[in-house]
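What's in target-v2.txt: compact mmCIF, C-alpha atoms
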# COMPACT_ATOMS: atom_id res chain seq x y z
CA GLY A 8 114.60 138.94 228.39
CA LYS A 9 111.10 139.58 227.08
CA THR A 10 109.57 142.97 226.55
CA MET A 11 106.11 144.36 226.34
CA THR A 12 106.47 144.43 222.57
CA GLY A 13 107.15 140.69 222.45
CA LYS A 14 104.66 137.91 223.10
CA SER A 15 101.07 138.73 224.02
CA ASP A 16 101.75 137.49 227.56
CA TYR A 17 103.01 141.04 228.07
CA TYR A 18 99.68 142.69 227.50
CA PRO A 19 98.70 146.25 228.49
CA GLN A 20 96.13 147.02 231.16
CA LEU A 21 94.34 150.14 232.37
CA PHE A 22 93.18 150.25 236.00
CA PHE A 23 91.14 153.03 237.65
CA TYR A 24 89.82 153.60 241.16
CA TRP A 25 87.37 155.98 242.80
CA GLY A 26 85.52 156.00 246.08
CA GLY A 27 81.81 155.96 246.86
CA ARG A 28 79.71 158.17 244.59
CA ASN A 29 75.99 158.89 244.80
CA GLU A 30 74.84 157.72 241.37
CA GLY A 31 72.62 154.87 240.27
CA ALA A 32 72.39 152.49 237.34
CA ALA A 33 71.17 155.16 234.89
CA ALA A 34 74.13 157.47 235.53
CA CYS A 35 76.60 154.57 235.36
CA ALA A 36 75.08 153.39 232.08
CA ARG A 37 75.56 156.84 230.56
CA ARG A 38 79.18 156.90 231.66
CA LEU A 39 79.78 153.41 230.27
CA GLN A 40 78.05 154.23 227.00
CA LYS A 41 80.23 157.32 226.62
CA MET A 42 83.40 155.33 227.30
CA LEU A 43 82.58 152.51 224.86
CA THR A 44 81.56 155.02 222.17
CA ASP A 45 84.67 157.17 222.57
CA LEU A 46 86.96 154.12 222.42
CA VAL A 47 85.76 153.11 218.94
CA PRO A 48 87.92 155.53 216.89
CA ILE A 49 91.04 154.76 218.93
CA HIS A 50 91.58 151.16 217.80
CA PRO A 51 89.69 148.63 215.57
CA ILE A 52 89.32 146.24 218.54
CA PHE A 53 86.67 148.52 220.02
CA ALA A 54 84.56 148.56 216.85
CA LYS A 55 83.75 144.88 217.34
CA PRO A 56 80.55 143.66 219.06
CA TRP A 57 80.66 143.29 222.84
CA HIS A 58 79.82 139.95 224.47
CA GLN A 59 79.39 138.30 227.83
CA GLY A 60 80.50 134.78 228.73
CA GLY A 61 83.61 132.78 227.87
CA GLN A 62 84.82 131.69 224.48
CA GLU A 63 82.62 128.60 224.73
CA LEU A 64 79.43 130.56 225.49
CA GLN A 65 79.16 133.87 223.70
CA VAL A 66 76.19 136.07 224.56
CA ARG A 67 76.18 138.98 222.16
CA LEU A 68 75.20 142.21 223.92
CA PHE A 69 75.50 145.06 221.46
CA SER A 70 77.51 146.42 218.56
CA ALA A 71 79.70 149.48 218.81
CA PRO A 72 78.80 152.20 219.45
CA PRO A 73 76.16 150.85 221.84
CA ALA A 74 72.67 152.21 222.44
CA TYR A 75 71.98 153.61 225.90
CA ALA A 76 69.06 151.23 226.54
CA ASP A 77 71.27 148.19 225.90
CA VAL A 78 73.99 149.47 228.22
CA LEU A 79 71.44 150.25 230.93
CA ARG A 80 70.10 146.68 230.81
CA LEU A 81 73.65 145.37 231.18
CA VAL A 82 74.36 147.55 234.21
CA GLU A 83 71.05 146.81 235.93
CA ALA A 84 71.57 143.06 235.46
CA GLY A 85 74.88 143.32 237.32
CA VAL A 86 73.48 144.73 240.56
CA THR A 87 75.21 143.38 243.66
CA MET A 88 73.04 140.87 245.52
CA LEU A 89 72.83 140.16 249.23
CA ASP A 90 73.49 136.47 249.85
CA VAL A 91 70.74 135.87 252.41
CA PRO A 92 68.10 136.89 251.57
CA HIS A 93 69.00 137.05 247.87
CA VAL A 94 67.90 140.62 247.18
CA PRO A 95 69.48 143.49 245.18
CA GLN A 96 71.74 145.96 246.97
CA PRO A 97 72.15 148.93 244.57
CA ALA A 98 74.17 150.87 247.16
CA TRP A 99 76.87 148.21 246.82
CA GLY A 100 77.17 148.88 243.11
CA TYR A 101 76.93 147.06 239.79
CA HIS A 102 79.30 144.52 238.21
CA VAL A 103 80.12 144.58 234.50
CA ARG A 104 82.19 141.88 232.78
CA ILE A 105 82.26 142.09 228.98
CA TYR A 106 84.69 141.56 226.13
CA CYS A 107 85.03 142.22 222.42
CA GLY A 108 87.08 140.44 219.78
CA ARG A 109 88.79 137.08 220.10
CA THR A 110 92.10 135.99 221.60
CA GLY A 111 94.65 135.64 218.81
CA SER A 112 92.98 138.22 216.59
CA GLY A 113 92.86 141.16 218.99
CA SER A 114 90.48 141.52 221.92
CA ALA A 115 89.65 143.62 224.96
CA ASN A 116 88.23 142.59 228.33
CA LEU A 117 86.42 144.99 230.66
CA ILE A 118 85.79 144.24 234.35
CA ALA A 119 84.19 147.04 236.35
CA HIS A 120 82.45 147.59 239.68
CA VAL A 121 80.63 150.92 239.48
CA GLY A 122 77.79 152.78 241.14
CA CYS A 123 78.86 151.97 244.68
CA THR A 124 77.66 154.67 247.07
CA THR A 125 79.26 153.35 250.26
CA HIS A 126 82.81 154.36 251.20
CA ALA A 127 83.67 150.89 252.56
CA ARG A 128 86.93 149.84 250.86
CA ARG A 129 85.65 146.35 249.96
CA PHE A 130 82.99 147.96 247.76
CA ALA A 131 85.23 150.49 246.02
CA ASN A 132 84.49 151.51 242.44
CA THR A 133 87.10 150.12 240.04
CA LEU A 134 87.53 149.62 236.31
CA ASN A 135 90.03 147.29 234.65
CA LEU A 136 90.43 147.29 230.85
CA THR A 137 92.78 144.58 229.57
CA LEU A 138 93.99 144.49 225.98
CA TRP A 139 95.03 141.30 224.23
CA PRO A 140 96.84 142.24 221.01
CA ARG A 141 97.24 139.71 218.23
CA ASP A 142 99.91 137.08 218.74
CA ASP A 143 101.68 138.65 215.77
CA PRO A 144 104.28 141.03 217.32
CA SER A 145 103.70 143.42 214.41
CA ASP A 146 100.49 144.63 216.09
CA ALA A 147 102.32 147.33 218.02
CA THR A 148 99.62 149.99 217.72
CA VAL A 149 97.64 148.91 220.77
CA ARG A 150 100.85 148.90 222.83
CA SER A 151 101.91 152.37 221.73
CA TYR A 152 102.00 155.48 223.90
CA GLU A 153 99.62 157.29 221.55
CA CYS A 154 96.95 154.57 221.63
CA LEU A 155 97.07 153.84 225.36
CA ARG A 156 97.25 157.52 226.32
CA ALA A 157 94.12 158.13 224.23
CA MET A 158 92.37 155.25 226.06
CA LEU A 159 93.40 156.69 229.42
CA ASP A 160 91.88 160.04 228.47
CA VAL A 161 88.62 158.39 227.40
CA VAL A 162 88.22 156.48 230.66
CA ALA A 163 89.18 159.49 232.79
CA SER A 164 86.71 161.70 230.93
CA ALA A 165 83.86 159.18 231.23
CA TRP A 166 84.29 158.12 234.88
CA GLN A 167 86.20 160.95 236.63
CA PRO A 168 88.26 158.51 238.76
CA ALA A 169 90.46 159.42 241.72
CA TRP A 170 93.50 157.73 240.23
CA GLY A 171 94.50 155.14 237.66
CA SER A 172 97.36 153.74 235.66
CA VAL A 173 98.43 152.09 232.45
CA PHE A 174 100.86 149.21 232.91
CA CYS A 175 101.90 145.90 231.41
CA SER A 176 101.15 142.56 233.04
CA ALA A 177 104.84 141.73 233.43
CA TYR A 178 105.55 144.93 235.37
CA TRP A 179 103.01 144.23 238.09
CA ARG A 180 103.88 140.54 238.34
CA SER A 181 107.51 141.50 238.96
CA THR A 182 106.46 144.20 241.46
CA GLU A 183 104.27 141.78 243.39
CA GLN A 184 107.08 139.19 243.50
CA ARG A 185 109.57 141.80 244.71
CA LEU A 186 107.33 143.19 247.47
CA GLN A 187 105.60 139.88 248.32
CA ARG A 188 102.27 141.69 248.23
CA TRP A 189 99.96 143.54 245.85
CA PRO A 190 100.33 147.30 246.48
CA ALA A 191 97.10 149.22 247.10
CA PHE A 192 98.14 152.01 244.73
CA ARG A 193 99.05 150.89 241.24
CA SER A 194 101.44 153.22 239.48
CA GLY A 195 102.82 152.27 236.11
CA TRP A 196 103.96 153.41 232.70
CA MET A 197 101.29 156.13 232.90
CA THR A 198 99.83 157.20 236.26
CA TYR A 199 96.65 159.26 236.30
CA LEU A 200 95.84 161.51 239.26
CA SER A 201 92.66 163.52 239.67
CA ALA A 202 93.14 167.23 240.38
CA ASP A 203 92.56 166.58 244.09
CA PHE A 204 95.20 163.85 244.22
CA ALA A 205 97.65 165.76 242.02
CA ARG A 206 97.65 168.69 244.45
CA ARG A 207 98.94 166.40 247.20
CA ILE A 208 102.12 165.22 245.50
CA THR A 209 105.32 166.56 244.02
CA PRO A 210 106.10 164.64 240.82
CA PRO A 211 109.52 162.95 240.76
CA PRO A 212 112.03 164.85 238.62
CA GLU A 213 112.33 162.03 236.09
CA ALA A 214 108.56 161.91 235.41
CA ILE A 215 107.00 163.50 232.33
CA VAL A 216 103.96 165.51 233.46
CA GLU A 217 101.01 166.06 231.12
CA PRO A 218 97.48 167.40 231.59
CA ALA A 219 94.59 164.93 231.37
CA PRO A 220 90.78 165.16 231.70
CA GLY A 221 90.08 166.23 235.27
CA GLY A 222 93.67 165.80 236.39
CA THR A 223 97.27 165.00 235.49
CA VAL A 224 99.24 162.11 234.00
CA LEU A 225 102.78 161.18 235.08
CA LEU A 226 104.66 159.28 232.38
CA ALA A 227 107.71 157.06 232.70
CA THR A 228 108.30 157.42 228.95
CA ARG A 229 106.62 158.33 225.66
CA GLU A 230 108.23 155.29 224.08
CA SER A 231 106.55 151.88 224.09
CA PHE A 232 107.14 150.53 227.60
CA SER A 233 109.75 147.78 227.89
CA MET A 234 110.67 145.67 230.91
CA ASP A 235 114.16 145.41 229.46
CA ASN A 236 114.70 149.16 229.72
CA GLN A 237 115.62 149.98 233.32
CA ALA A 238 114.95 153.68 232.70
CA HIS A 239 111.32 152.76 231.97
CA VAL A 240 110.93 150.44 234.94
CA PHE A 241 112.36 152.77 237.58
CA ALA A 242 111.12 156.09 236.21

Would you write out, as structure tokens, the structure that this file holds?
Amino acid sequence: GKTMTGKSDYYPQLFFYWGGRNEGAAACARRLQKMLTDLVPIHPIFAKPWHQGGQELQVRLFSAPPAYADVLRLVEAGVTMLDVPHVPQPAWGYHVRIYCGRTGSGSANLIAHVGCTTHARRFANTLNLTLWPRDDPSDATVRSYECLRAMLDVVASAWQPAWGSVFCSAYWRSTEQRLQRWPAFRSGWMTYLSADFARRITPPPEAIVEPAPGGTVLLATRESFSMDNQAHVFA
């Protein structure tokens, strides 16, 4: 079997969700700037310049840490558009798709939909940060509990989400195959719950419970997560 500490196909991801929130592009840009700035000391990947576009077409956006004006331009450019007529719909939020680094030498990909003020589920605010460690298995830092927990705290502090999780790609592929669907709530190696959500649940006895910015984190393990370890998978 393969584990999360094997090939880069088993890459870590952070996913966060929150409902409609009355804030515009300026407020979202400040949150995003804070997140990107606070990620820099956690891992060298985040000290690299951020880009848009694929590997064939790189559009350099800004270096790290980014200036607020540059981040604001990025957010405003991603405003959701009505199809017909083709006009901006700020209440539906802003789309951000950026990356730093290069596949094979360490990279990170950020896909976010933020600033949505409506409570319609199809326009929910979400943030997905995917990490692509080097193909060399020795780059274990970005897969470690310490590194990913620090990233979780940064995102939670910047965006104040309702819930979120840290998981590996293999875990959710296996979960989807087992259930024949994609669950609406994504738990994982680390599950973040805002204070409001945390009050509604009783943590399972096997979970490790830790405080986090604005809420609580439930951990399956403080070790590096492995799909081969059944105690990690079913915790």

Quiz prompt | Two-atom distance - CA of Arg28 in chain A, CA of Pro56 in chain A (Å) | solution = 29.4 Å

Quiz item: What is the CA of Arg150 in chain A to CA of Gly195 in chain A distance in Å?
Solution: 13.8 Å

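With CA of Arg67 in chain A on one side and CA of Ser172 in chain A on the other, the separation reads 29.1 Å.
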
Quiz prompt | Residue nearest Cys154 in chain A among A:Ile52, A:Cys123, A:Ala205, A:Ala76 (counting all atoms listed in the file) | solution = A:Ile52

Quiz prompt | Residue neighbourhood range 217-229 of chain A, 10 Å, all atoms listed in the file, exclusion window fewer than 3 positions, as a VMD selection string | solution = chain A and resid 151 to 153 156 to 157 159 to 173 194 to 206 210 to 211 213 to 214 232 to 233 238 to 242

Could you give me, as JSON lines, a per-residue list for range 66-85 of chain A showing, wherever an atom lies at most 12 Å from an atom of range 90-109 of chain A, the closest pair of atoms and their distance in Å to one decimal, using only C-alpha atoms and sorting by chain then residue number from low to high?
{"residue": "A:Val66", "atom": "CA", "partner": "A:Ile105", "partner_atom": "CA", "distance": 9.6}
{"residue": "A:Arg67", "atom": "CA", "partner": "A:Cys107", "partner_atom": "CA", "distance": 9.4}
{"residue": "A:Leu68", "atom": "CA", "partner": "A:Ile105", "partner_atom": "CA", "distance": 8.7}
{"residue": "A:Phe69", "atom": "CA", "partner": "A:Cys107", "partner_atom": "CA", "distance": 10.0}
{"residue": "A:Ser70", "atom": "CA", "partner": "A:Cys107", "partner_atom": "CA", "distance": 9.4}
{"residue": "A:Ala71", "atom": "CA", "partner": "A:Cys107", "partner_atom": "CA", "distance": 9.7}
{"residue": "A:Val78", "atom": "CA", "partner": "A:Val103", "partner_atom": "CA", "distance": 10.0}
{"residue": "A:Leu79", "atom": "CA", "partner": "A:Tyr101", "partner_atom": "CA", "distance": 10.9}
{"residue": "A:Arg80", "atom": "CA", "partner": "A:Val103", "partner_atom": "CA", "distance": 10.9}
{"residue": "A:Leu81", "atom": "CA", "partner": "A:Val103", "partner_atom": "CA", "distance": 7.3}
{"residue": "A:Val82", "atom": "CA", "partner": "A:Tyr101", "partner_atom": "CA", "distance": 6.2}
{"residue": "A:Glu83", "atom": "CA", "partner": "A:Tyr101", "partner_atom": "CA", "distance": 7.0}
{"residue": "A:Ala84", "atom": "CA", "partner": "A:Tyr101", "partner_atom": "CA", "distance": 8.0}
{"residue": "A:Gly85", "atom": "CA", "partner": "A:His102", "partner_atom": "CA", "distance": 4.7}

Please complete range 22-33 of chain A so it has all heavy atoms, and hand it over as a compact mmCIF listing (two decimals), in the coordinates of the input.
# COMPACT_ATOMS: atom_id res chain seq x y z
N PHE A 22 93.89 150.45 234.74
CA PHE A 22 93.18 150.25 236.00
C PHE A 22 92.84 151.61 236.60
O PHE A 22 93.69 152.49 236.66
CB PHE A 22 94.01 149.45 236.99
CG PHE A 22 93.32 149.24 238.32
CD1 PHE A 22 92.45 148.18 238.49
CD2 PHE A 22 93.53 150.12 239.37
CE1 PHE A 22 91.79 147.99 239.71
CE2 PHE A 22 92.88 149.94 240.59
CZ PHE A 22 92.01 148.88 240.76
N PHE A 23 91.58 151.78 237.05
CA PHE A 23 91.14 153.03 237.65
C PHE A 23 90.36 152.77 238.92
O PHE A 23 89.68 151.74 239.06
CB PHE A 23 90.26 153.82 236.66
CG PHE A 23 91.02 154.31 235.46
CD1 PHE A 23 91.20 153.48 234.36
CD2 PHE A 23 91.57 155.57 235.45
CE1 PHE A 23 91.91 153.92 233.26
CE2 PHE A 23 92.28 156.02 234.35
CZ PHE A 23 92.45 155.20 233.25
N TYR A 24 90.46 153.73 239.84
CA TYR A 24 89.82 153.60 241.16
C TYR A 24 89.15 154.91 241.54
O TYR A 24 89.68 155.99 241.26
CB TYR A 24 90.87 153.25 242.22
CG TYR A 24 90.37 153.33 243.65
CD1 TYR A 24 89.87 152.20 244.30
CD2 TYR A 24 90.39 154.54 244.34
CE1 TYR A 24 89.40 152.29 245.61
CE2 TYR A 24 89.93 154.64 245.64
CZ TYR A 24 89.44 153.51 246.26
OH TYR A 24 88.96 153.60 247.55
N TRP A 25 87.98 154.82 242.16
CA TRP A 25 87.37 155.98 242.80
C TRP A 25 86.49 155.49 243.94
O TRP A 25 86.04 154.35 243.98
CB TRP A 25 86.58 156.83 241.81
CG TRP A 25 85.42 156.18 241.10
CD1 TRP A 25 84.10 156.30 241.40
CD2 TRP A 25 85.49 155.33 239.93
NE1 TRP A 25 83.32 155.58 240.51
CE2 TRP A 25 84.16 154.98 239.59
CE3 TRP A 25 86.53 154.84 239.14
CZ2 TRP A 25 83.85 154.16 238.51
CZ3 TRP A 25 86.21 154.02 238.08
CH2 TRP A 25 84.89 153.69 237.77
N GLY A 26 86.27 156.36 244.89
CA GLY A 26 85.52 156.00 246.08
C GLY A 26 84.01 156.06 245.86
O GLY A 26 83.53 156.18 244.72
N GLY A 27 83.25 155.95 246.95
CA GLY A 27 81.81 155.96 246.86
C GLY A 27 81.29 157.22 246.17
O GLY A 27 81.83 158.32 246.35
N ARG A 28 80.27 157.04 245.35
CA ARG A 28 79.71 158.17 244.59
C ARG A 28 78.21 157.96 244.50
O ARG A 28 77.75 156.86 244.18
CB ARG A 28 80.36 158.23 243.21
CG ARG A 28 79.89 159.39 242.35
CD ARG A 28 80.57 159.33 240.99
NE ARG A 28 81.99 159.61 241.07
CZ ARG A 28 82.86 159.34 240.09
NH1 ARG A 28 82.45 158.76 238.98
NH2 ARG A 28 84.13 159.64 240.23
N ASN A 29 77.45 159.01 244.76
CA ASN A 29 75.99 158.89 244.80
C ASN A 29 75.41 158.95 243.40
O ASN A 29 74.95 159.98 242.93
CB ASN A 29 75.39 159.99 245.68
CG ASN A 29 73.90 159.80 245.91
OD1 ASN A 29 73.39 158.69 245.75
ND2 ASN A 29 73.22 160.86 246.27
N GLU A 30 75.45 157.82 242.69
CA GLU A 30 74.84 157.72 241.37
C GLU A 30 74.36 156.30 241.15
O GLU A 30 74.97 155.33 241.61
CB GLU A 30 75.81 158.14 240.27
CG GLU A 30 77.10 157.34 240.21
CD GLU A 30 78.08 157.89 239.18
OE1 GLU A 30 77.81 158.97 238.62
OE2 GLU A 30 79.10 157.24 238.94
N GLY A 31 73.22 156.16 240.47
CA GLY A 31 72.62 154.87 240.27
C GLY A 31 72.94 154.25 238.93
O GLY A 31 73.86 154.69 238.22
N ALA A 32 72.15 153.24 238.57
CA ALA A 32 72.39 152.49 237.34
C ALA A 32 72.31 153.37 236.10
O ALA A 32 73.09 153.22 235.16
CB ALA A 32 71.40 151.33 237.24
N ALA A 33 71.35 154.31 236.07
CA ALA A 33 71.17 155.16 234.89
C ALA A 33 72.41 156.01 234.64
O ALA A 33 72.89 156.12 233.50
CB ALA A 33 69.94 156.04 235.06
